[in-house]
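Asks: Got start_28.pdb for you, PDB, C-alpha atoms and all ligand atoms:
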ATOM      1  CA  ARG W 338     137.279  66.033 138.289  1.00  0.00           C
ATOM      2  CA  ARG W 339     134.906  67.898 140.562  1.00  0.00           C
ATOM      3  CA  TYR W 340     134.672  68.938 144.166  1.00  0.00           C
ATOM      4  CA  GLY W 341     131.466  68.288 146.056  1.00  0.00           C
ATOM      5  CA  PHE W 342     129.793  67.864 149.447  1.00  0.00           C
ATOM      6  CA  HIS W 343     127.490  65.379 151.185  1.00  0.00           C
ATOM      7  CA  GLY W 344     129.851  62.647 149.927  1.00  0.00           C
ATOM      8  CA  THR W 345     129.308  60.351 152.878  1.00  0.00           C
ATOM      9  CA  SER W 346     125.556  60.530 152.354  1.00  0.00           C
ATOM     10  CA  HIS W 347     125.714  59.969 148.590  1.00  0.00           C
ATOM     11  CA  SER W 348     128.094  57.051 149.093  1.00  0.00           C
ATOM     12  CA  PHE W 349     125.929  55.462 151.791  1.00  0.00           C
ATOM     13  CA  VAL W 350     122.605  55.952 149.997  1.00  0.00           C
ATOM     14  CA  SER W 351     123.804  54.881 146.536  1.00  0.00           C
ATOM     15  CA  LYS W 352     125.380  51.693 147.937  1.00  0.00           C
ATOM     16  CA  ARG W 353     122.299  50.949 150.003  1.00  0.00           C
ATOM     17  CA  ALA W 354     120.024  51.506 146.987  1.00  0.00           C
ATOM     18  CA  VAL W 355     122.031  49.022 144.913  1.00  0.00           C
ATOM     19  CA  GLU W 356     121.976  46.497 147.758  1.00  0.00           C
ATOM     20  CA  PHE W 357     118.300  46.980 148.608  1.00  0.00           C
ATOM     21  CA  LEU W 358     117.171  46.665 144.991  1.00  0.00           C
ATOM     22  CA  GLY W 359     119.486  43.727 144.281  1.00  0.00           C
ATOM     23  CA  LEU W 360     121.178  45.530 141.372  1.00  0.00           C
ATOM     24  CA  ASP W 361     124.542  44.524 139.961  1.00  0.00           C
ATOM     25  CA  LYS W 362     126.837  47.245 141.332  1.00  0.00           C
ATOM     26  CA  ASP W 363     129.124  47.073 138.294  1.00  0.00           C
ATOM     27  CA  ASN W 364     126.213  47.620 135.976  1.00  0.00           C
ATOM     28  CA  SER W 365     124.122  50.182 137.814  1.00  0.00           C
ATOM     29  CA  LYS W 366     123.007  53.778 137.334  1.00  0.00           C
ATOM     30  CA  VAL W 367     121.679  55.502 140.432  1.00  0.00           C
ATOM     31  CA  ILE W 368     120.699  59.110 141.078  1.00  0.00           C
ATOM     32  CA  VAL W 369     120.691  60.221 144.717  1.00  0.00           C
ATOM     33  CA  CYS W 370     118.630  63.272 145.714  1.00  0.00           C
ATOM     34  CA  HIS W 371     119.903  64.463 149.102  1.00  0.00           C
ATOM     35  CA  LEU W 372     117.316  67.126 149.923  1.00  0.00           C
ATOM     36  CA  GLY W 373     117.650  68.858 153.258  1.00  0.00           C
ATOM     37  CA  ASN W 374     118.557  72.301 154.463  1.00  0.00           C
ATOM     38  CA  GLY W 375     121.538  71.841 152.174  1.00  0.00           C
ATOM     39  CA  SER W 376     120.688  69.882 149.036  1.00  0.00           C
ATOM     40  CA  SER W 377     122.709  68.060 146.427  1.00  0.00           C
ATOM     41  CA  ILE W 378     122.096  65.477 143.749  1.00  0.00           C
ATOM     42  CA  SER W 379     124.585  62.931 142.459  1.00  0.00           C
ATOM     43  CA  ALA W 380     124.908  60.542 139.552  1.00  0.00           C
ATOM     44  CA  VAL W 381     126.472  57.222 140.547  1.00  0.00           C
ATOM     45  CA  LYS W 382     127.433  54.889 137.714  1.00  0.00           C
ATOM     46  CA  ASN W 383     128.749  51.406 138.484  1.00  0.00           C
ATOM     47  CA  GLY W 384     129.311  52.398 142.101  1.00  0.00           C
ATOM     48  CA  LYS W 385     131.296  55.515 141.251  1.00  0.00           C
ATOM     49  CA  CYS W 386     130.062  59.092 141.521  1.00  0.00           C
ATOM     50  CA  VAL W 387     130.393  60.649 138.071  1.00  0.00           C
ATOM     51  CA  ASP W 388     128.737  64.005 138.767  1.00  0.00           C
ATOM     52  CA  THR W 389     127.326  65.972 141.655  1.00  0.00           C
ATOM     53  CA  THR W 390     125.587  69.326 141.943  1.00  0.00           C
ATOM     54  CA  MET W 391     127.657  71.004 144.678  1.00  0.00           C
ATOM     55  CA  GLY W 392     131.059  72.358 143.691  1.00  0.00           C
ATOM     56  CA  LEU W 393     134.103  74.019 145.245  1.00  0.00           C
ATOM     57  CA  THR W 394     131.682  75.242 147.908  1.00  0.00           C
ATOM     58  CA  PRO W 395     128.174  74.050 148.840  1.00  0.00           C
ATOM     59  CA  LEU W 396     126.684  77.060 147.044  1.00  0.00           C
ATOM     60  CA  GLU W 397     126.477  75.387 143.639  1.00  0.00           C
ATOM     61  CA  GLY W 398     123.538  73.314 142.474  1.00  0.00           C
ATOM     62  CA  VAL W 399     119.869  73.311 143.445  1.00  0.00           C
ATOM     63  CA  VAL W 400     118.116  75.969 145.505  1.00  0.00           C
ATOM     64  CA  MET W 401     118.584  75.249 149.233  1.00  0.00           C
ATOM     65  CA  GLY W 402     117.266  76.501 152.557  1.00  0.00           C
ATOM     66  CA  THR W 403     119.271  79.735 152.470  1.00  0.00           C
ATOM     67  CA  ARG W 404     121.681  79.171 149.547  1.00  0.00           C
ATOM     68  CA  SER W 405     120.893  80.392 146.065  1.00  0.00           C
ATOM     69  CA  GLY W 406     122.226  77.390 144.164  1.00  0.00           C
ATOM     70  CA  ASN W 407     123.217  78.045 140.529  1.00  0.00           C
ATOM     71  CA  ILE W 408     122.947  81.629 139.345  1.00  0.00           C
ATOM     72  CA  ASP W 409     124.315  83.727 136.520  1.00  0.00           C
ATOM     73  CA  PRO W 410     127.847  84.691 137.732  1.00  0.00           C
ATOM     74  CA  ALA W 411     127.113  88.284 136.661  1.00  0.00           C
ATOM     75  CA  ILE W 412     124.565  88.486 139.480  1.00  0.00           C
ATOM     76  CA  VAL W 413     127.481  88.876 141.919  1.00  0.00           C
ATOM     77  CA  GLU W 414     128.379  92.238 140.352  1.00  0.00           C
ATOM     78  CA  PHE W 415     124.722  93.184 140.030  1.00  0.00           C
ATOM     79  CA  ILE W 416     124.034  92.649 143.772  1.00  0.00           C
ATOM     80  CA  ALA W 417     127.305  94.357 144.776  1.00  0.00           C
ATOM     81  CA  LYS W 418     126.320  97.511 142.893  1.00  0.00           C
ATOM     82  CA  LYS W 419     122.645  97.457 143.781  1.00  0.00           C
ATOM     83  CA  GLU W 420     123.134  96.804 147.499  1.00  0.00           C
ATOM     84  CA  ASN W 421     126.473  98.621 147.784  1.00  0.00           C
ATOM     85  CA  LEU W 422     128.234  95.507 149.101  1.00  0.00           C
ATOM     86  CA  GLU W 423     131.789  94.186 149.027  1.00  0.00           C
ATOM     87  CA  ILE W 424     132.392  90.614 147.833  1.00  0.00           C
ATOM     88  CA  ALA W 425     132.046  89.184 151.372  1.00  0.00           C
ATOM     89  CA  GLY W 426     128.666  90.874 151.722  1.00  0.00           C
ATOM     90  CA  VAL W 427     127.451  89.445 148.418  1.00  0.00           C
ATOM     91  CA  MET W 428     128.625  85.960 149.404  1.00  0.00           C
ATOM     92  CA  ASN W 429     126.762  86.346 152.679  1.00  0.00           C
ATOM     93  CA  VAL W 430     123.572  87.165 150.763  1.00  0.00           C
ATOM     94  CA  LEU W 431     124.028  84.186 148.431  1.00  0.00           C
ATOM     95  CA  ASN W 432     124.825  81.742 151.255  1.00  0.00           C
ATOM     96  CA  LYS W 433     122.624  82.920 154.082  1.00  0.00           C
ATOM     97  CA  LYS W 434     119.775  85.019 152.732  1.00  0.00           C
ATOM     98  CA  SER W 435     118.815  83.395 149.459  1.00  0.00           C
ATOM     99  CA  GLY W 436     117.242  80.088 148.454  1.00  0.00           C
ATOM    100  CA  LEU W 437     113.883  79.109 149.941  1.00  0.00           C
ATOM    101  CA  GLN W 438     114.255  81.785 152.614  1.00  0.00           C
ATOM    102  CA  GLY W 439     115.042  84.587 150.193  1.00  0.00           C
ATOM    103  CA  MET W 440     112.339  83.632 147.713  1.00  0.00           C
ATOM    104  CA  SER W 441     109.582  82.877 150.195  1.00  0.00           C
ATOM    105  CA  GLY W 442     110.283  85.501 152.828  1.00  0.00           C
ATOM    106  CA  VAL W 443     108.908  83.072 155.431  1.00  0.00           C
ATOM    107  CA  GLY W 444     112.041  81.077 156.277  1.00  0.00           C
ATOM    108  CA  SER W 445     114.312  78.276 155.166  1.00  0.00           C
ATOM    109  CA  ASP W 446     112.439  75.375 156.764  1.00  0.00           C
ATOM    110  CA  MET W 447     110.299  73.354 154.372  1.00  0.00           C
ATOM    111  CA  ARG W 448     107.640  72.919 157.056  1.00  0.00           C
ATOM    112  CA  ASP W 449     107.227  76.713 157.269  1.00  0.00           C
ATOM    113  CA  ILE W 450     107.116  76.955 153.474  1.00  0.00           C
ATOM    114  CA  ARG W 451     104.378  74.325 153.333  1.00  0.00           C
ATOM    115  CA  ALA W 452     102.370  76.046 156.063  1.00  0.00           C
ATOM    116  CA  ALA W 453     102.662  79.343 154.183  1.00  0.00           C
ATOM    117  CA  ILE W 454     101.553  77.683 150.927  1.00  0.00           C
ATOM    118  CA  ALA W 455      98.509  76.321 152.743  1.00  0.00           C
ATOM    119  CA  ASP W 456      97.758  79.916 153.801  1.00  0.00           C
ATOM    120  CA  GLY W 457      97.865  81.035 150.170  1.00  0.00           C
ATOM    121  CA  ASN W 458     101.340  82.645 150.203  1.00  0.00           C
ATOM    122  CA  GLU W 459     102.370  82.881 146.532  1.00  0.00           C
ATOM    123  CA  ASP W 460     106.040  83.582 147.224  1.00  0.00           C
ATOM    124  CA  ALA W 461     106.244  80.372 149.264  1.00  0.00           C
ATOM    125  CA  LYS W 462     104.575  78.444 146.422  1.00  0.00           C
ATOM    126  CA  ASN W 463     107.042  79.953 143.976  1.00  0.00           C
ATOM    127  CA  ALA W 464     110.011  78.929 146.143  1.00  0.00           C
ATOM    128  CA  TYR W 465     108.645  75.385 146.403  1.00  0.00           C
ATOM    129  CA  ASP W 466     108.077  75.206 142.637  1.00  0.00           C
ATOM    130  CA  VAL W 467     111.586  76.507 141.880  1.00  0.00           C
ATOM    131  CA  LEU W 468     113.075  73.742 144.025  1.00  0.00           C
ATOM    132  CA  CYS W 469     110.937  70.996 142.423  1.00  0.00           C
ATOM    133  CA  TYR W 470     111.816  72.291 138.956  1.00  0.00           C
ATOM    134  CA  GLY W 471     115.535  72.397 139.782  1.00  0.00           C
ATOM    135  CA  ILE W 472     115.556  68.847 141.125  1.00  0.00           C
ATOM    136  CA  ALA W 473     113.763  67.486 138.045  1.00  0.00           C
ATOM    137  CA  LYS W 474     116.137  69.408 135.774  1.00  0.00           C
ATOM    138  CA  PHE W 475     119.271  68.010 137.438  1.00  0.00           C
ATOM    139  CA  VAL W 476     117.839  64.488 137.465  1.00  0.00           C
ATOM    140  CA  GLY W 477     117.159  64.794 133.724  1.00  0.00           C
ATOM    141  CA  GLY W 478     120.735  66.013 133.201  1.00  0.00           C
ATOM    142  CA  TYR W 479     122.160  63.080 135.116  1.00  0.00           C
ATOM    143  CA  VAL W 480     120.083  60.581 133.173  1.00  0.00           C
ATOM    144  CA  ALA W 481     121.766  62.047 130.079  1.00  0.00           C
ATOM    145  CA  ALA W 482     125.196  61.966 131.776  1.00  0.00           C
ATOM    146  CA  MET W 483     124.820  58.237 132.516  1.00  0.00           C
ATOM    147  CA  ASN W 484     122.807  57.431 129.387  1.00  0.00           C
ATOM    148  CA  GLY W 485     120.042  56.004 131.558  1.00  0.00           C
ATOM    149  CA  VAL W 486     119.030  55.391 135.143  1.00  0.00           C
ATOM    150  CA  ASP W 487     117.996  52.299 137.098  1.00  0.00           C
ATOM    151  CA  ALA W 488     117.021  53.944 140.359  1.00  0.00           C
ATOM    152  CA  ILE W 489     116.355  57.321 141.912  1.00  0.00           C
ATOM    153  CA  ALA W 490     116.811  57.520 145.687  1.00  0.00           C
ATOM    154  CA  PHE W 491     115.448  60.281 147.918  1.00  0.00           C
ATOM    155  CA  THR W 492     117.092  61.062 151.241  1.00  0.00           C
ATOM    156  CA  ALA W 493     117.666  63.688 154.014  1.00  0.00           C
ATOM    157  CA  GLY W 494     115.116  65.887 155.819  1.00  0.00           C
ATOM    158  CA  ILE W 495     113.002  66.894 152.833  1.00  0.00           C
ATOM    159  CA  GLY W 496     113.675  63.791 150.734  1.00  0.00           C
ATOM    160  CA  GLU W 497     112.681  61.482 153.586  1.00  0.00           C
ATOM    161  CA  ASN W 498     109.720  63.455 154.900  1.00  0.00           C
ATOM    162  CA  ASN W 499     108.135  65.513 152.179  1.00  0.00           C
ATOM    163  CA  ILE W 500     105.691  63.141 150.527  1.00  0.00           C
ATOM    164  CA  LYS W 501     104.273  65.850 148.268  1.00  0.00           C
ATOM    165  CA  MET W 502     107.658  66.985 146.976  1.00  0.00           C
ATOM    166  CA  ARG W 503     108.615  63.418 145.999  1.00  0.00           C
ATOM    167  CA  LYS W 504     105.303  63.162 144.173  1.00  0.00           C
ATOM    168  CA  ASP W 505     105.703  66.530 142.436  1.00  0.00           C
ATOM    169  CA  VAL W 506     109.285  65.794 141.353  1.00  0.00           C
ATOM    170  CA  CYS W 507     108.313  62.357 140.037  1.00  0.00           C
ATOM    171  CA  SER W 508     105.399  63.839 138.104  1.00  0.00           C
ATOM    172  CA  SER W 509     108.025  65.650 135.978  1.00  0.00           C
ATOM    173  CA  LEU W 510     109.846  62.380 135.292  1.00  0.00           C
ATOM    174  CA  THR W 511     107.071  60.353 133.686  1.00  0.00           C
ATOM    175  CA  TYR W 512     108.869  60.688 130.313  1.00  0.00           C
ATOM    176  CA  LEU W 513     111.510  58.335 131.793  1.00  0.00           C
ATOM    177  CA  GLY W 514     108.843  55.797 132.653  1.00  0.00           C
ATOM    178  CA  VAL W 515     108.862  56.816 136.321  1.00  0.00           C
ATOM    179  CA  LYS W 516     105.579  55.775 137.914  1.00  0.00           C
ATOM    180  CA  LEU W 517     105.099  56.552 141.586  1.00  0.00           C
ATOM    181  CA  ASP W 518     102.815  54.401 143.742  1.00  0.00           C
ATOM    182  CA  GLU W 519     101.007  56.994 145.858  1.00  0.00           C
ATOM    183  CA  GLU W 520     100.257  54.541 148.634  1.00  0.00           C
ATOM    184  CA  LYS W 521     103.853  53.358 148.880  1.00  0.00           C
ATOM    185  CA  ASN W 522     104.996  56.976 148.747  1.00  0.00           C
ATOM    186  CA  ASN W 523     102.872  57.736 151.804  1.00  0.00           C
ATOM    187  CA  VAL W 524     105.800  57.129 154.144  1.00  0.00           C
ATOM    188  CA  ARG W 525     108.408  59.059 156.137  1.00  0.00           C
ATOM    189  CA  GLY W 526     111.947  58.086 157.099  1.00  0.00           C
ATOM    190  CA  GLU W 527     111.659  54.434 156.145  1.00  0.00           C
ATOM    191  CA  GLU W 528     113.654  52.435 153.620  1.00  0.00           C
ATOM    192  CA  ARG W 529     111.149  51.582 150.942  1.00  0.00           C
ATOM    193  CA  ILE W 530     110.483  51.361 147.202  1.00  0.00           C
ATOM    194  CA  ILE W 531     107.911  54.023 146.371  1.00  0.00           C
ATOM    195  CA  SER W 532     107.518  53.397 142.641  1.00  0.00           C
ATOM    196  CA  ALA W 533     104.849  51.183 141.104  1.00  0.00           C
ATOM    197  CA  ASP W 534     105.770  47.604 140.172  1.00  0.00           C
ATOM    198  CA  ASP W 535     105.622  48.490 136.456  1.00  0.00           C
ATOM    199  CA  SER W 536     107.706  51.667 136.788  1.00  0.00           C
ATOM    200  CA  LYS W 537     110.639  51.606 134.337  1.00  0.00           C
ATOM    201  CA  VAL W 538     112.845  53.309 136.920  1.00  0.00           C
ATOM    202  CA  GLN W 539     112.737  52.228 140.544  1.00  0.00           C
ATOM    203  CA  VAL W 540     112.223  55.090 142.961  1.00  0.00           C
ATOM    204  CA  LEU W 541     113.035  54.580 146.604  1.00  0.00           C
ATOM    205  CA  LEU W 542     113.459  56.254 149.929  1.00  0.00           C
ATOM    206  CA  VAL W 543     116.697  55.545 151.785  1.00  0.00           C
ATOM    207  CA  PRO W 544     117.184  57.269 155.155  1.00  0.00           C
ATOM    208  CA  THR W 545     120.728  58.562 155.087  1.00  0.00           C
ATOM    209  CA  ASN W 546     123.174  57.525 157.799  1.00  0.00           C
ATOM    210  CA  GLU W 547     126.260  59.698 157.562  1.00  0.00           C
ATOM    211  CA  GLU W 548     127.473  58.637 161.016  1.00  0.00           C
ATOM    212  CA  LEU W 549     127.533  54.977 159.986  1.00  0.00           C
ATOM    213  CA  ALA W 550     129.260  55.817 156.684  1.00  0.00           C
ATOM    214  CA  ILE W 551     131.950  57.795 158.560  1.00  0.00           C
ATOM    215  CA  ALA W 552     132.394  54.971 161.087  1.00  0.00           C
ATOM    216  CA  ARG W 553     132.798  52.418 158.281  1.00  0.00           C
ATOM    217  CA  GLU W 554     135.357  54.549 156.455  1.00  0.00           C
ATOM    218  CA  THR W 555     137.294  55.151 159.681  1.00  0.00           C
ATOM    219  CA  LEU W 556     137.314  51.431 160.409  1.00  0.00           C
ATOM    220  CA  ALA W 557     138.577  50.655 156.908  1.00  0.00           C
ATOM    221  CA  LEU W 558     141.340  53.240 157.373  1.00  0.00           C
ATOM    222  CA  VAL W 559     142.623  51.924 160.709  1.00  0.00           C
ATOM    223  CA  LYS W 560     142.397  48.231 159.753  1.00  0.00           C
TER
HETATM  224  P1  LIG G 601     118.217  68.147 157.036  1.00  0.00           P
HETATM  225  O1  LIG G 601     119.143  69.282 156.649  1.00  0.00           O
HETATM  226  O2  LIG G 601     118.494  66.891 156.301  1.00  0.00           O
HETATM  227  O3  LIG G 601     118.071  67.974 158.523  1.00  0.00           O
HETATM  228  O4  LIG G 601     116.750  68.595 156.528  1.00  0.00           O
HETATM  229  C1  LIG G 601     116.104  69.728 157.009  1.00  0.00           C
HETATM  230  C2  LIG G 601     114.905  70.008 156.124  1.00  0.00           C
HETATM  231  O5  LIG G 601     114.012  68.886 156.165  1.00  0.00           O
HETATM  232  C3  LIG G 601     114.093  71.231 156.568  1.00  0.00           C
HETATM  233  O6  LIG G 601     113.721  71.996 155.439  1.00  0.00           O
HETATM  234  C4  LIG G 601     112.872  70.584 157.177  1.00  0.00           C
HETATM  235  O7  LIG G 601     111.744  71.400 157.054  1.00  0.00           O
HETATM  236  C5  LIG G 601     112.690  69.347 156.338  1.00  0.00           C
HETATM  237  N1  LIG G 601     111.846  68.399 157.061  1.00  0.00           N
HETATM  238  C6  LIG G 601     112.135  67.722 158.175  1.00  0.00           C
HETATM  239  N2  LIG G 601     111.045  67.018 158.610  1.00  0.00           N
HETATM  240  C7  LIG G 601     110.058  67.294 157.717  1.00  0.00           C
HETATM  241  C8  LIG G 601     108.700  66.899 157.578  1.00  0.00           C
HETATM  242  N3  LIG G 601     108.129  66.065 158.463  1.00  0.00           N
HETATM  243  N4  LIG G 601     107.980  67.383 156.519  1.00  0.00           N
HETATM  244  C9  LIG G 601     108.557  68.219 155.611  1.00  0.00           C
HETATM  245  N5  LIG G 601     109.823  68.639 155.703  1.00  0.00           N
HETATM  246  C10 LIG G 601     110.560  68.195 156.727  1.00  0.00           C
END
Could you render the structure as structure tokens?
Replies:
Amino acid sequence: RRYGFHGTSHSFVSKRAVEFLGLDKDNSKVIVCHLGNGSSISAVKNGKCVDTTMGLTPLEGVVMGTRSGNIDPAIVEFIAKKENLEIAGVMNVLNKKSGLQGMSGVGSDMRDIRAAIADGNEDAKNAYDVLCYGIAKFVGGYVAAMNGVDAIAFTAGIGENNIKMRKDVCSSLTYLGVKLDEEKNNVRGEERIISADDSKVQVLLVPTNEELAIARETLALVK
């Protein structure tokens, strides 16, 4: 049993992916990449989430806007000694001053990172590459966890808008038979399949709708 965050989004997007692709819910393996200022990835098998990257707090998992994501636990002691900080100070660094912002030095917003990369900023490029690598690594792990995958869905600010990141992540997943259609991928914020017709795994973009998911759950509760 695990904790986690972004549950409403993962629930909404995984269900929508199954529906949109016409998969059999009880025989489906979906990976949802919720990539925004906070990012998390989930593995959803037969309609049930079996793993997710965030943990007891949103700090666990992939690199985020200002959060470090997974690190060696010994780094907590290392930073405390090096920066002369108490535990609260270290947690502040890991939650608010790390991730894309800490690595790039230009900010937490992916648009600023991309602009800096275009200007030749190597730290920004490094931060971008670390995120792409982390996403591909978790996706690979979840394919193993589910012993396969039918669909990979991208959502949230970066997942819905960053055409290049979707392309770069998918280029690390060709071993799974993932084949992106660059023309179909040339889209923002629209529900759409972005993989080629002969891709072994369907890749799609599903704009998340956490408000609708919350409204549906509330309705089910009061009925
Ligand atoms: P969210 O937390 O889901 O609102 O996502 C915020 C993240 O999405 C920020 O890093 C934004 O830079 C990124 N984002 C939003 N719009 C775009 C865009 N058009 N191109 C690239 N990144 C974007």
Asks: In Å to one decimal, how far is atom CA of Val350 of chain W from atom CA of Ile551 of chain W?
Replies: 12.8 Å
Asks: Using all atoms listed in the file, I'd like a table of the residues in segment 357-440 of chain W that come within 7 Å of segment 487-506 of chain W; for each, show the closest atom pair and its distance in Å rounded to one decimal, ordered by chain and ascending number, as a Markdown table.
Replies:
| residue | atom | partner | partner_atom | distance |
| --- | --- | --- | --- | --- |
| W:Ser365 | CA | W:Asp487 | CA | 6.5 |
| W:Lys366 | CA | W:Asp487 | CA | 5.2 |
| W:Val367 | CA | W:Ala488 | CA | 4.9 |
| W:Ile368 | CA | W:Ile489 | CA | 4.8 |
| W:Val369 | CA | W:Ala490 | CA | 4.8 |
| W:Cys370 | CA | W:Phe491 | CA | 4.9 |
| W:His371 | CA | W:Thr492 | CA | 4.9 |
| W:Leu372 | CA | W:Gly496 | CA | 5.0 |
| W:Gly373 | CA | W:Gly494 | CA | 4.7 |
Asks: Hey, can you check how far atom CA of Asp363 of chain W sits from atom CA of Pro395 of chain W?
Replies: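 If I compute the distance from atom CA of Asp363 of chain W to atom CA of Pro395 of chain W, I get 29.0 Å.
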Asks: Using atom CA of Glu397 of chain W and atom CA of Leu468 of chain W as the two end points, give the distance in Å to one decimal.
Replies: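 Calculated distance between atom CA of Glu397 of chain W and atom CA of Leu468 of chain W is 13.5 Å.
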Asks: Which residues, written as a PyMOL selection string, have at least one atom at most 8 Å from His343 of chain W, with all atoms listed in the file counted and residues fewer than 3 positions away on the same chain left out?
Replies: chain W and resi 346-347+371+377
Asks: So, counting all atoms listed in the file, which residue among W:Asp446, W:Glu547, W:Glu528, W:Asp409 is closest to ligand LIG 601 (chain G)?
Replies: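 Answer, going by the shortest atom-to-atom distance: W:Asp446.
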Asks: With all atoms listed in the file as the basis for distance, which of W:Asn523, W:Asn383, W:Thr345, W:Ser376 is at the shortest distance from Ala552 of chain W?
Replies: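 Residue with the minimum atom-to-atom distance to Ala552 of chain W: W:Thr345.
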Asks: Which polymer residues, whether protein, DNA or RNA, lie within 8 Å of the coordinate (110.7, 80.2, 145.7) when you count only C-alpha atoms? List them as a ChimeraX atom specification, using the chain letters and numbers from the file.
Replies: /W:436-441,460-468
Asks: Choose the residue, out of W:Ala411, W:Arg451, W:Leu513, W:Gly392, that has the smallest atom-to-atom separation from Val480 of chain W; count all atoms listed in the file.
Replies: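 Between W:Ala411, W:Arg451, W:Leu513, W:Gly392, the residue approaching Val480 of chain W most closely is W:Leu513.
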Asks: Counting all atoms listed in the file, which residue out of W:Gly375, W:Tyr340, W:Lys516, W:Gly402 sits closest to Asp449 of chain W?
Replies: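 Looking only at the distances to Asp449 of chain W, the closest residue turns out to be W:Gly402.
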Asks: Take the PyMOL selection byres (((chain W and resi 380) around 9) and not hetatm), run it mentally on this structure, and tell me the resulting residues as a list in words.
Replies: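 Against this file, the PyMOL selection byres (((chain W and resi 380) around 9) and not hetatm) returns the residues Lys366, Val367, Ile368, Val369, Ile378, Ser379, Val381, Lys382, Lys385, Cys386, Val387, Asp388, Thr389, Val476, Tyr479, Val480, Ala482, Met483 and Val486 of chain W.
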Asks: For the file shown, what are the residues hit by the PyMOL selection byres (((chain W and resi 413) around 12) and not hetatm), laid out as a PyMOL selection string?
Replies: chain W and resi 405+407-412+414-431
